[in-house]
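Presented below is the structure to which this report refers.
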Amino acid sequence: MMADKNFTESGGPGHFILRHRAAIGLILIAVTAFMAYWAAHARIATRFENFFPAGHPDTLLYREFQYRYGGAQTMVLMLRVRHGDIFNLKTLAKIRDINRLVNRLPGVNHNEVFSLASYRVAYPKSIPGALIFTCFMYPNVPTTEAELQRLRNNVKLHREQVANVITGDDRGAVVSASFNERHLDYKALFDGVQDIVNRYRDANTDIYVAGVPIVTGWSYYYLPRIAVIFCASVALMLAILYLSLGARSSWWAPILTGSFSAIWGLGFMSLMGYNFDPVMLVIPFILTARDLSHGIQWQGRYYDELDRLGDKLRACVTTTNMMLPPGLLSILADIAGIIFISLGGIPVLKEIGFGGAVWLAGSVTMVFVFQPIFMSYLPRPRIRERRWTPRMPAVLHRLVTWLISVPVTPGVVRSTMLAAGGAFIIWGVVSGQRARIGYDAPGTPLYRPEAKVNQDIIEIGKYLPTDEGWVVLSTPDYPNPQSSIAPAVLRMTDDMGTYLTNRGDALAVVSFATQILKPLNKFFHNGHPKFQSIPGDSREAGNLWYVFLGGTAPGEMERFFAHSPKMTSACIRIFLRDHTYNRLNRIRSEIQSFIAARVVHDPGLSKVKVNYLGGQAGLYLAANDVLYRLDIMNITFVLIVIFLCCAFSFASLTAGALFITSAVMANFGAFIYMNARGIGLTIDTVPVISLGIGLGIDYGIYIVARIRDEVIEGAGIEQAITTALGTTGAAVFSTFAVMIGGILPWAFSPLLFHNEMSVLLIFLMGMNMIAGVLILPAFIAWRRPRFIASRLARSDAGPRGGETRQAVMQASSKR
């Protein structure tokens, strides 16, 4: 037991913590050391399928067939000549060399490399007594003009077979490849592709590259610049912290506790096997800044109590007792803002939700337990004479004084401010109902429109589809009359392709019927155009299927039938120009309409089940289905948690409703900003929006809690508000400045996502600052809610600031 009598009589959780400070401190240090070990093993990596809802039918369809029909991890490399066409010896040699180098890239699926020089791209050729499939340009390229002309003629005669590897104007050639995601090293892949591009690009040859692995690889390319921004953000936060608290010798204490909280969060995520995506590195930074801000709040209040009490230990105990309730409430709001995104079934959001919750919860132990212990062992903070001390300009000082007086001064300014807050709530709610979902433009919104990756995607999209979806048929096996190669089923797939392409969103629809059977049927009938059609019976279709199976490379049939030689699952590929929200919704609606009109009521298709939509397009569509519901659910749960916690903490339903109103006013502004910038709800933006919901409500909680504490100690409401704004308000502003200073450098990131989200967070922090520091106190001064005013009558302390007990009671009666 400590000897200081005043300390021992103070009681509360602060007294318990300091009474057992040695044991508690050692335990927390040991846990931090354990977490530091795991934090050192944290991985920066990407797993693409984790960005999509795991239980959605489209995602399940993708996972079931990704290694048969080709996953979303597909790269498209387009070589395009500026003059002439690709049918020259030099360009054809480049195509062959690029095909070979792509086939050597890490993680490549060797059976899924396609180009004019690939053994997988062939045309049928008849010889006496046999039909063989001949490669266009494998293993050798033409070396003479005669061979070159022969290749040109073969391409013209068999245009269907090369439609996806040569552009329609013959000036572009494509090398496409699929990759095994489980063994994919995005950085190594990206570096390998860039080596190919740099080696074969010249004055007459442009090379463009697109695909999910390349989009992800660019984030690794920008990682060094992102690291510089990260360091600049940390340096700016420390500089602002020093300006705020540097007058005392222990100004750096929040850095220690904030770092320990980050170690807990990082260690937990590593311990659970979670990865950090390079694009998402801004989120751990925001979480750390939030931990640091709680430490700043505690430290600022500690200095106030130290000046008032004059005793270090009593100041630690009193600060902890006073700050722990609003601190716990603020941290619960922080956690609520991030934890509920884990309910959407999207693995990466689940990881961010759980990891972020532990990251933020670390503030409870580090700030409100370890920080008082740490400060109790340090010498009493002394006021230092700094060589240079920034002084507030007179104009700024008058502005601050005026702002502090606004909430307690009846008049036009206060009334206008409250009315503007109400109008902003309406605007934000209306904007929320009009929130955009998914992507609105070709390319990826992760990077700026002028970025190389987006320019390449747009250029390739002019000539070739860049996105693919699947319709998968579940049927009986051959020779059942409803098998995947039965005439009735083949006609249905052919009709589906015609229907979808005529509607305009599908650039092409490819199936076994269109790609193989119809050309083979024509070929066996001496090339007569009228036989470019579905075979007349199952036996004939089966014979053509067998001819194709016998003349192709192993695995080729699995592009069309997942379980070859069984025909119980067939793939219809839908090629799209992009995966924008409206296009994907229209494609799904068109497929539904076709099934309802063509399949459901046809007795000849009663055993055929049509599954849709798989492939990359299906993954994005699955995310679109979940995101809006997830965002609304997240906001609802956060507001419920804020209401319940605030109502319990302040023992008032009015307090709960007041904080919900403040949260809606400040955070629904996110929808206003996003609609103005054309930003949709995506996997990337939802976590940042969720963080903004919980993080900013802290400002109002700390301010209102200080107002209540001042009233309990005997101040009138107006003086309590003025004192709270002058003390806790200063700490809140320091917290706000540190947060803004840390977020601001991300606005200069090469990633458009970082730019847009940093500006969004600055906007949200600013709105929460206005709501917590000005509008909430103004409402309290105007309406004098019972959970504050009732403390006036029960206060045992004498009136402060010249107020009489009668004046206090009169003020209370006006509520």
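Please note that chains go A, B, ... in the order of the structure tokens, that every chain numbers its residues from 1, and that ligands are numbered from 1 in the order shown.
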
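Taking only C-alpha atoms, the non-local environment of region 736-743 of chain A within 8 Å (same-chain residues fewer than 5 positions away omitted) comprises Ser233, Val234, Leu236, Met237, Leu238, Ile240, Leu241, Ile286, Ala289, Arg290, Ser293, Ser758, Leu761, Ile762, Met765 and Met769 of chain A.
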
Go through region 346-390 of chain A and flag each residue having an atom no more than 12 Å from region 628-645 of chain A; for those, report the closest pair of atoms plus their distance in Å to one decimal, using only C-alpha atoms, ordered by chain and rising number, as a Markdown table.
| residue | atom | partner | partner_atom | distance |
| --- | --- | --- | --- | --- |
| A:Ile346 | CA | A:Leu630 | CA | 10.0 |
| A:Leu349 | CA | A:Leu630 | CA | 10.5 |
| A:Lys350 | CA | A:Leu630 | CA | 11.9 |
| A:Gly353 | CA | A:Asn634 | CA | 11.1 |

key: Within 9 Å of Leu184 (chain A) using only C-alpha atoms, minus same-chain residues under 6 positions, as a ChimeraX atom specification   = /A:47,106-108,213

Export C-alpha atoms of the chosen residues as an mmCIF file, in the first residue's frame?
data_model
loop_
_atom_site.group_PDB
_atom_site.id
_atom_site.type_symbol
_atom_site.label_atom_id
_atom_site.label_comp_id
_atom_site.auth_asym_id
_atom_site.auth_seq_id
_atom_site.Cartn_x
_atom_site.Cartn_y
_atom_site.Cartn_z
ATOM 1 C CA ARG A 47 -5.346 -13.020 -51.924
ATOM 2 C CA PRO A 106 5.841 -17.510 -61.636
ATOM 3 C CA GLY A 107 2.515 -19.157 -60.858
ATOM 4 C CA VAL A 108 1.425 -19.467 -64.499
ATOM 5 C CA PRO A 213 -2.690 -9.817 -61.306
#

remark   = Taken to one decimal, the CA of Ile331 (chain A)-CA of Gly11 (chain A) distance is 23.5 Å

task = Could you give me, as a ChimeraX atom specification, the residues within 10 Å of Asp334 (chain A), counting only C-alpha atoms and dropping anything in the same chain fewer than 4 positions from it?
result = /A:287,290-291,328-330,338-339,356-357,360-361,638,642,690-698

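CA of Ile660 (chain A) is found 28.9 Å from CA of Pro254 (chain A).
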
remark   = Counting only C-alpha atoms, the residue among A:Val489, A:Ala394, A:Val165, A:Met375 that lies closest to Leu313 (chain A) is A:Met375

With only C-alpha atoms as the counted atoms, please give the residues lying no more than 12 Å from Ala203 (chain A), apart from itself and same-chain residues fewer than 3 positions off, as a short mmCIF file (atom, residue, chain, number, x, y, z; two decimals) with all heavy atoms, in the first residue's frame.
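What landed in around.cif:
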data_model
loop_
_atom_site.label_atom_id
_atom_site.label_comp_id
_atom_site.auth_asym_id
_atom_site.auth_seq_id
_atom_site.Cartn_x
_atom_site.Cartn_y
_atom_site.Cartn_z
N ARG A 80 0.82 -4.24 -80.06
CA ARG A 80 0.14 -3.53 -81.16
C ARG A 80 1.16 -2.73 -81.95
O ARG A 80 1.97 -1.98 -81.38
CB ARG A 80 -0.95 -2.62 -80.61
CG ARG A 80 -1.81 -2.01 -81.70
CD ARG A 80 -3.12 -1.49 -81.17
NE ARG A 80 -3.91 -0.91 -82.24
CZ ARG A 80 -4.66 -1.60 -83.09
NH1 ARG A 80 -4.71 -2.91 -82.99
NH2 ARG A 80 -5.34 -1.00 -84.04
N VAL A 81 1.13 -2.92 -83.29
CA VAL A 81 2.07 -2.21 -84.15
C VAL A 81 1.45 -0.88 -84.59
O VAL A 81 0.24 -0.76 -84.78
CB VAL A 81 2.46 -3.06 -85.38
CG1 VAL A 81 3.20 -4.31 -84.94
CG2 VAL A 81 1.22 -3.43 -86.20
N ARG A 82 2.30 0.11 -84.76
CA ARG A 82 1.82 1.43 -85.18
C ARG A 82 1.64 1.53 -86.69
O ARG A 82 0.80 2.29 -87.17
CB ARG A 82 2.80 2.50 -84.70
CG ARG A 82 2.93 2.57 -83.18
CD ARG A 82 3.87 3.69 -82.76
NE ARG A 82 3.99 3.76 -81.30
CZ ARG A 82 4.70 4.66 -80.66
NH1 ARG A 82 5.37 5.59 -81.33
NH2 ARG A 82 4.78 4.65 -79.34
N HIS A 83 2.48 0.79 -87.44
CA HIS A 83 2.41 0.84 -88.90
C HIS A 83 2.32 -0.58 -89.45
O HIS A 83 3.01 -1.50 -88.98
CB HIS A 83 3.65 1.53 -89.47
CG HIS A 83 3.91 2.87 -88.87
ND1 HIS A 83 3.13 3.98 -89.13
CD2 HIS A 83 4.87 3.29 -88.00
CE1 HIS A 83 3.59 5.02 -88.47
NE2 HIS A 83 4.65 4.63 -87.75
N ASN A 198 9.41 -3.98 -71.36
CA ASN A 198 10.56 -3.12 -71.66
C ASN A 198 11.46 -3.72 -72.73
O ASN A 198 12.08 -3.00 -73.52
CB ASN A 198 11.37 -2.88 -70.38
CG ASN A 198 10.59 -2.08 -69.35
OD1 ASN A 198 9.73 -1.28 -69.71
ND2 ASN A 198 10.87 -2.30 -68.08
N TYR A 200 10.53 -5.73 -75.35
CA TYR A 200 9.97 -5.87 -76.70
C TYR A 200 9.21 -4.64 -77.18
O TYR A 200 8.69 -4.65 -78.30
CB TYR A 200 9.06 -7.10 -76.74
CG TYR A 200 9.85 -8.38 -76.62
CD1 TYR A 200 9.95 -9.04 -75.39
CD2 TYR A 200 10.53 -8.90 -77.70
CE1 TYR A 200 10.69 -10.20 -75.27
CE2 TYR A 200 11.27 -10.06 -77.60
CZ TYR A 200 11.36 -10.71 -76.37
OH TYR A 200 12.11 -11.85 -76.24
N ASP A 206 3.84 -1.02 -79.50
CA ASP A 206 3.35 -0.68 -78.16
C ASP A 206 2.85 -1.95 -77.49
O ASP A 206 2.29 -2.84 -78.15
CB ASP A 206 2.22 0.34 -78.24
CG ASP A 206 2.68 1.68 -78.79
OD1 ASP A 206 3.76 2.14 -78.37
OD2 ASP A 206 1.97 2.25 -79.63
N ILE A 207 3.04 -2.02 -76.18
CA ILE A 207 2.59 -3.19 -75.44
C ILE A 207 1.74 -2.71 -74.27
O ILE A 207 2.15 -1.84 -73.50
CB ILE A 207 3.78 -4.03 -74.93
CG1 ILE A 207 4.59 -4.56 -76.13
CG2 ILE A 207 3.29 -5.19 -74.08
CD1 ILE A 207 5.78 -5.40 -75.74
#

query = Looking at only C-alpha atoms, which of A:Ala730, A:Ile707, A:Asp625, A:Asn611 is the one that sits closest to Ala789 (chain A)?
reply = A:Ile707
